[in-house]
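Colleague: Here it is: the structure, laid out below.
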Amino acid sequence: MKKYLKDLLSDLAEQIWTFVGLSSAWLVLTGSAKTVVGDAILISIFLWIATFRIRKPKEDEDKE
């Protein structure tokens, strides 16, 4: 479980500039556009975490 969380946080850290760009867009928008972008940010982070195991399958312990 520790390795999974470490790998997950490492994967999210690799996408930091994507999240910075989305956050800066959210900061400069107003009204309904801000709401839509905020929802898109939350959905994209959720999907990124939900599909982590599909994108990074567990490597076999036997392989060197």
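Here, A, B, ... name the chains of the structure tokens in the order displayed, residue numbers run from 1 inside each chain, and ligands are numbered from 1 in the same displayed order.
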Would you mind writing down, as an mmCIF file with N, CA, C and O atoms, in the first residue's frame, each residue of chain A that DSSP on the backbone assigns to alpha helix (DSSP H)?
Modeller:
data_model
loop_
_atom_site.group_PDB
_atom_site.id
_atom_site.type_symbol
_atom_site.label_atom_id
_atom_site.label_comp_id
_atom_site.auth_asym_id
_atom_site.auth_seq_id
_atom_site.Cartn_x
_atom_site.Cartn_y
_atom_site.Cartn_z
ATOM 1 N N LYS A 2 1.976 1.203 0.745
ATOM 2 C CA LYS A 2 2.880 2.353 0.782
ATOM 3 C C LYS A 2 3.450 2.647 -0.598
ATOM 4 O O LYS A 2 3.526 3.785 -1.012
ATOM 5 N N LYS A 3 3.849 1.563 -1.292
ATOM 6 C CA LYS A 3 4.425 1.738 -2.622
ATOM 7 C C LYS A 3 3.389 2.311 -3.587
ATOM 8 O O LYS A 3 3.708 3.159 -4.405
ATOM 9 N N TYR A 4 2.139 1.848 -3.455
ATOM 10 C CA TYR A 4 1.072 2.350 -4.317
ATOM 11 C C TYR A 4 0.888 3.853 -4.125
ATOM 12 O O TYR A 4 0.800 4.603 -5.094
ATOM 13 N N LEU A 5 0.814 4.296 -2.877
ATOM 14 C CA LEU A 5 0.649 5.727 -2.604
ATOM 15 C C LEU A 5 1.852 6.528 -3.081
ATOM 16 O O LEU A 5 1.699 7.618 -3.627
ATOM 17 N N LYS A 6 3.046 5.977 -2.892
ATOM 18 C CA LYS A 6 4.253 6.654 -3.351
ATOM 19 C C LYS A 6 4.242 6.802 -4.871
ATOM 20 O O LYS A 6 4.537 7.869 -5.403
ATOM 21 N N ASP A 7 3.873 5.734 -5.566
ATOM 22 C CA ASP A 7 3.800 5.777 -7.024
ATOM 23 C C ASP A 7 2.707 6.740 -7.498
ATOM 24 O O ASP A 7 2.890 7.463 -8.468
ATOM 25 N N LEU A 8 1.574 6.743 -6.794
ATOM 26 C CA LEU A 8 0.471 7.635 -7.153
ATOM 27 C C LEU A 8 0.880 9.100 -6.989
ATOM 28 O O LEU A 8 0.667 9.919 -7.885
ATOM 29 N N LEU A 9 1.486 9.436 -5.868
ATOM 30 C CA LEU A 9 1.926 10.815 -5.638
ATOM 31 C C LEU A 9 3.021 11.221 -6.611
ATOM 32 O O LEU A 9 3.057 12.361 -7.075
ATOM 33 N N SER A 10 3.886 10.284 -6.935
ATOM 34 C CA SER A 10 4.932 10.565 -7.921
ATOM 35 C C SER A 10 4.317 10.849 -9.288
ATOM 36 O O SER A 10 4.740 11.776 -10.001
ATOM 37 N N ASP A 11 3.310 10.077 -9.656
ATOM 38 C CA ASP A 11 2.628 10.273 -10.930
ATOM 39 C C ASP A 11 1.915 11.625 -10.967
ATOM 40 O O ASP A 11 1.958 12.338 -11.971
ATOM 41 N N LEU A 12 1.269 11.997 -9.863
ATOM 42 C CA LEU A 12 0.607 13.304 -9.808
ATOM 43 C C LEU A 12 1.630 14.435 -9.863
ATOM 44 O O LEU A 12 1.387 15.470 -10.487
ATOM 45 N N ALA A 13 2.779 14.244 -9.229
ATOM 46 C CA ALA A 13 3.828 15.266 -9.250
ATOM 47 C C ALA A 13 4.373 15.472 -10.660
ATOM 48 O O ALA A 13 4.763 16.586 -11.018
ATOM 49 N N GLU A 14 4.390 14.409 -11.455
ATOM 50 C CA GLU A 14 4.855 14.531 -12.835
ATOM 51 C C GLU A 14 3.907 15.398 -13.670
ATOM 52 O O GLU A 14 4.306 15.942 -14.695
ATOM 53 N N ILE A 16 2.385 18.131 -12.510
ATOM 54 C CA ILE A 16 2.209 19.363 -11.755
ATOM 55 C C ILE A 16 1.956 20.573 -12.662
ATOM 56 O O ILE A 16 1.127 21.417 -12.349
ATOM 57 N N TRP A 17 2.634 20.659 -13.785
ATOM 58 C CA TRP A 17 2.446 21.827 -14.661
ATOM 59 C C TRP A 17 1.075 21.831 -15.308
ATOM 60 O O TRP A 17 0.510 22.896 -15.568
ATOM 61 N N THR A 18 0.522 20.660 -15.538
ATOM 62 C CA THR A 18 -0.849 20.593 -16.047
ATOM 63 C C THR A 18 -1.812 21.160 -15.015
ATOM 64 O O THR A 18 -2.690 21.967 -15.336
ATOM 65 N N PHE A 19 -1.627 20.765 -13.762
ATOM 66 C CA PHE A 19 -2.496 21.255 -12.699
ATOM 67 C C PHE A 19 -2.272 22.731 -12.414
ATOM 68 O O PHE A 19 -3.211 23.449 -12.077
ATOM 69 N N VAL A 20 -1.043 23.199 -12.564
ATOM 70 C CA VAL A 20 -0.777 24.636 -12.396
ATOM 71 C C VAL A 20 -1.508 25.429 -13.473
ATOM 72 O O VAL A 20 -2.118 26.463 -13.200
ATOM 73 N N GLY A 21 -1.471 24.954 -14.708
ATOM 74 C CA GLY A 21 -2.175 25.620 -15.807
ATOM 75 C C GLY A 21 -3.674 25.639 -15.597
ATOM 76 O O GLY A 21 -4.333 26.670 -15.802
ATOM 77 N N LEU A 22 -4.232 24.520 -15.177
ATOM 78 C CA LEU A 22 -5.670 24.470 -14.909
ATOM 79 C C LEU A 22 -6.044 25.391 -13.756
ATOM 80 O O LEU A 22 -7.067 26.081 -13.805
ATOM 81 N N SER A 23 -5.205 25.416 -12.729
ATOM 82 C CA SER A 23 -5.491 26.277 -11.572
ATOM 83 C C SER A 23 -5.407 27.754 -11.933
ATOM 84 O O SER A 23 -6.224 28.560 -11.480
ATOM 85 N N SER A 24 -4.425 28.117 -12.746
ATOM 86 C CA SER A 24 -4.310 29.522 -13.143
ATOM 87 C C SER A 24 -5.496 29.934 -14.018
ATOM 88 O O SER A 24 -5.988 31.062 -13.917
ATOM 89 N N ALA A 25 -5.973 29.027 -14.856
ATOM 90 C CA ALA A 25 -7.169 29.321 -15.655
ATOM 91 C C ALA A 25 -8.368 29.528 -14.739
ATOM 92 O O ALA A 25 -9.161 30.454 -14.948
ATOM 93 N N TRP A 26 -8.485 28.709 -13.719
ATOM 94 C CA TRP A 26 -9.598 28.834 -12.783
ATOM 95 C C TRP A 26 -9.541 30.178 -12.044
ATOM 96 O O TRP A 26 -10.562 30.808 -11.815
ATOM 97 N N LEU A 27 -8.331 30.627 -11.709
ATOM 98 C CA LEU A 27 -8.181 31.881 -10.960
ATOM 99 C C LEU A 27 -8.604 33.112 -11.768
ATOM 100 O O LEU A 27 -9.136 34.070 -11.199
ATOM 101 N N VAL A 28 -8.361 33.113 -13.072
ATOM 102 C CA VAL A 28 -8.642 34.308 -13.865
ATOM 103 C C VAL A 28 -10.058 34.347 -14.428
ATOM 104 O O VAL A 28 -10.497 35.396 -14.895
ATOM 105 N N GLY A 31 -17.639 33.827 -12.983
ATOM 106 C CA GLY A 31 -18.983 33.341 -13.284
ATOM 107 C C GLY A 31 -19.050 31.860 -13.577
ATOM 108 O O GLY A 31 -18.373 31.047 -12.967
ATOM 109 N N SER A 32 -19.895 31.526 -14.563
ATOM 110 C CA SER A 32 -20.131 30.119 -14.877
ATOM 111 C C SER A 32 -18.903 29.451 -15.496
ATOM 112 O O SER A 32 -18.723 28.246 -15.341
ATOM 113 N N ALA A 33 -18.053 30.229 -16.157
ATOM 114 C CA ALA A 33 -16.835 29.650 -16.727
ATOM 115 C C ALA A 33 -15.929 29.132 -15.609
ATOM 116 O O ALA A 33 -15.301 28.077 -15.744
ATOM 117 N N LYS A 34 -15.879 29.861 -14.497
ATOM 118 C CA LYS A 34 -15.068 29.431 -13.361
ATOM 119 C C LYS A 34 -15.619 28.131 -12.781
ATOM 120 O O LYS A 34 -14.863 27.236 -12.413
ATOM 121 N N THR A 35 -16.928 28.027 -12.730
ATOM 122 C CA THR A 35 -17.565 26.814 -12.213
ATOM 123 C C THR A 35 -17.267 25.625 -13.111
ATOM 124 O O THR A 35 -16.922 24.537 -12.626
ATOM 125 N N VAL A 36 -17.378 25.817 -14.412
ATOM 126 C CA VAL A 36 -17.131 24.734 -15.368
ATOM 127 C C VAL A 36 -15.675 24.280 -15.287
ATOM 128 O O VAL A 36 -15.392 23.081 -15.248
ATOM 129 N N VAL A 37 -14.742 25.223 -15.252
ATOM 130 C CA VAL A 37 -13.319 24.869 -15.181
ATOM 131 C C VAL A 37 -13.011 24.194 -13.845
ATOM 132 O O VAL A 37 -12.263 23.218 -13.793
ATOM 133 N N GLY A 38 -13.600 24.684 -12.756
ATOM 134 C CA GLY A 38 -13.401 24.051 -11.456
ATOM 135 C C GLY A 38 -13.886 22.620 -11.435
ATOM 136 O O GLY A 38 -13.205 21.721 -10.931
ATOM 137 N N ASP A 39 -15.065 22.394 -12.005
ATOM 138 C CA ASP A 39 -15.590 21.028 -12.102
ATOM 139 C C ASP A 39 -14.692 20.160 -12.978
ATOM 140 O O ASP A 39 -14.438 18.995 -12.656
ATOM 141 N N ALA A 40 -14.195 20.710 -14.074
ATOM 142 C CA ALA A 40 -13.311 19.957 -14.965
ATOM 143 C C ALA A 40 -12.009 19.588 -14.258
ATOM 144 O O ALA A 40 -11.484 18.487 -14.462
ATOM 145 N N ILE A 41 -11.494 20.482 -13.439
ATOM 146 C CA ILE A 41 -10.270 20.190 -12.687
ATOM 147 C C ILE A 41 -10.505 19.029 -11.732
ATOM 148 O O ILE A 41 -9.715 18.077 -11.681
ATOM 149 N N LEU A 42 -11.592 19.090 -10.976
ATOM 150 C CA LEU A 42 -11.886 18.019 -10.018
ATOM 151 C C LEU A 42 -12.130 16.682 -10.712
ATOM 152 O O LEU A 42 -11.645 15.638 -10.270
ATOM 153 N N ILE A 43 -12.859 16.712 -11.819
ATOM 154 C CA ILE A 43 -13.125 15.481 -12.572
ATOM 155 C C ILE A 43 -11.836 14.910 -13.144
ATOM 156 O O ILE A 43 -11.603 13.704 -13.090
ATOM 157 N N SER A 44 -10.972 15.779 -13.682
ATOM 158 C CA SER A 44 -9.727 15.276 -14.277
ATOM 159 C C SER A 44 -8.800 14.681 -13.225
ATOM 160 O O SER A 44 -8.164 13.653 -13.469
ATOM 161 N N ILE A 45 -8.739 15.289 -12.041
ATOM 162 C CA ILE A 45 -7.910 14.715 -10.971
ATOM 163 C C ILE A 45 -8.486 13.373 -10.528
ATOM 164 O O ILE A 45 -7.742 12.401 -10.344
ATOM 165 N N PHE A 46 -9.804 13.304 -10.380
ATOM 166 C CA PHE A 46 -10.448 12.041 -9.993
ATOM 167 C C PHE A 46 -10.178 10.953 -11.031
ATOM 168 O O PHE A 46 -9.801 9.830 -10.687
ATOM 169 N N LEU A 47 -10.349 11.280 -12.319
ATOM 170 C CA LEU A 47 -10.110 10.291 -13.370
ATOM 171 C C LEU A 47 -8.645 9.888 -13.435
ATOM 172 O O LEU A 47 -8.321 8.728 -13.709
ATOM 173 N N TRP A 48 -7.752 10.837 -13.199
ATOM 174 C CA TRP A 48 -6.314 10.544 -13.214
ATOM 175 C C TRP A 48 -5.995 9.508 -12.137
ATOM 176 O O TRP A 48 -5.260 8.556 -12.371
ATOM 177 N N ILE A 49 -6.570 9.697 -10.945
ATOM 178 C CA ILE A 49 -6.326 8.758 -9.847
ATOM 179 C C ILE A 49 -7.036 7.429 -10.110
ATOM 180 O O ILE A 49 -6.467 6.358 -9.872
ATOM 181 N N ALA A 50 -8.259 7.479 -10.614
ATOM 182 C CA ALA A 50 -9.041 6.264 -10.854
ATOM 183 C C ALA A 50 -8.418 5.367 -11.915
ATOM 184 O O ALA A 50 -8.544 4.146 -11.849
ATOM 185 N N PHE A 52 -5.172 5.164 -12.564
ATOM 186 C CA PHE A 52 -3.748 4.982 -12.287
ATOM 187 C C PHE A 52 -3.307 3.545 -12.507
ATOM 188 O O PHE A 52 -2.281 3.284 -13.140
ATOM 189 N N ARG A 53 -4.066 2.594 -11.987
ATOM 190 C CA ARG A 53 -3.671 1.178 -12.120
ATOM 191 C C ARG A 53 -3.732 0.700 -13.571
ATOM 192 O O ARG A 53 -3.001 -0.203 -13.956
ATOM 193 N N ILE A 54 -4.583 1.286 -14.372
ATOM 194 C CA ILE A 54 -4.657 0.913 -15.786
ATOM 195 C C ILE A 54 -3.446 1.464 -16.535
ATOM 196 O O ILE A 54 -2.845 0.787 -17.360
ATOM 197 N N ARG A 55 -3.086 2.708 -16.232
ATOM 198 C CA ARG A 55 -1.964 3.339 -16.914
ATOM 199 C C ARG A 55 -0.620 2.820 -16.444
ATOM 200 O O ARG A 55 0.335 2.779 -17.202
#
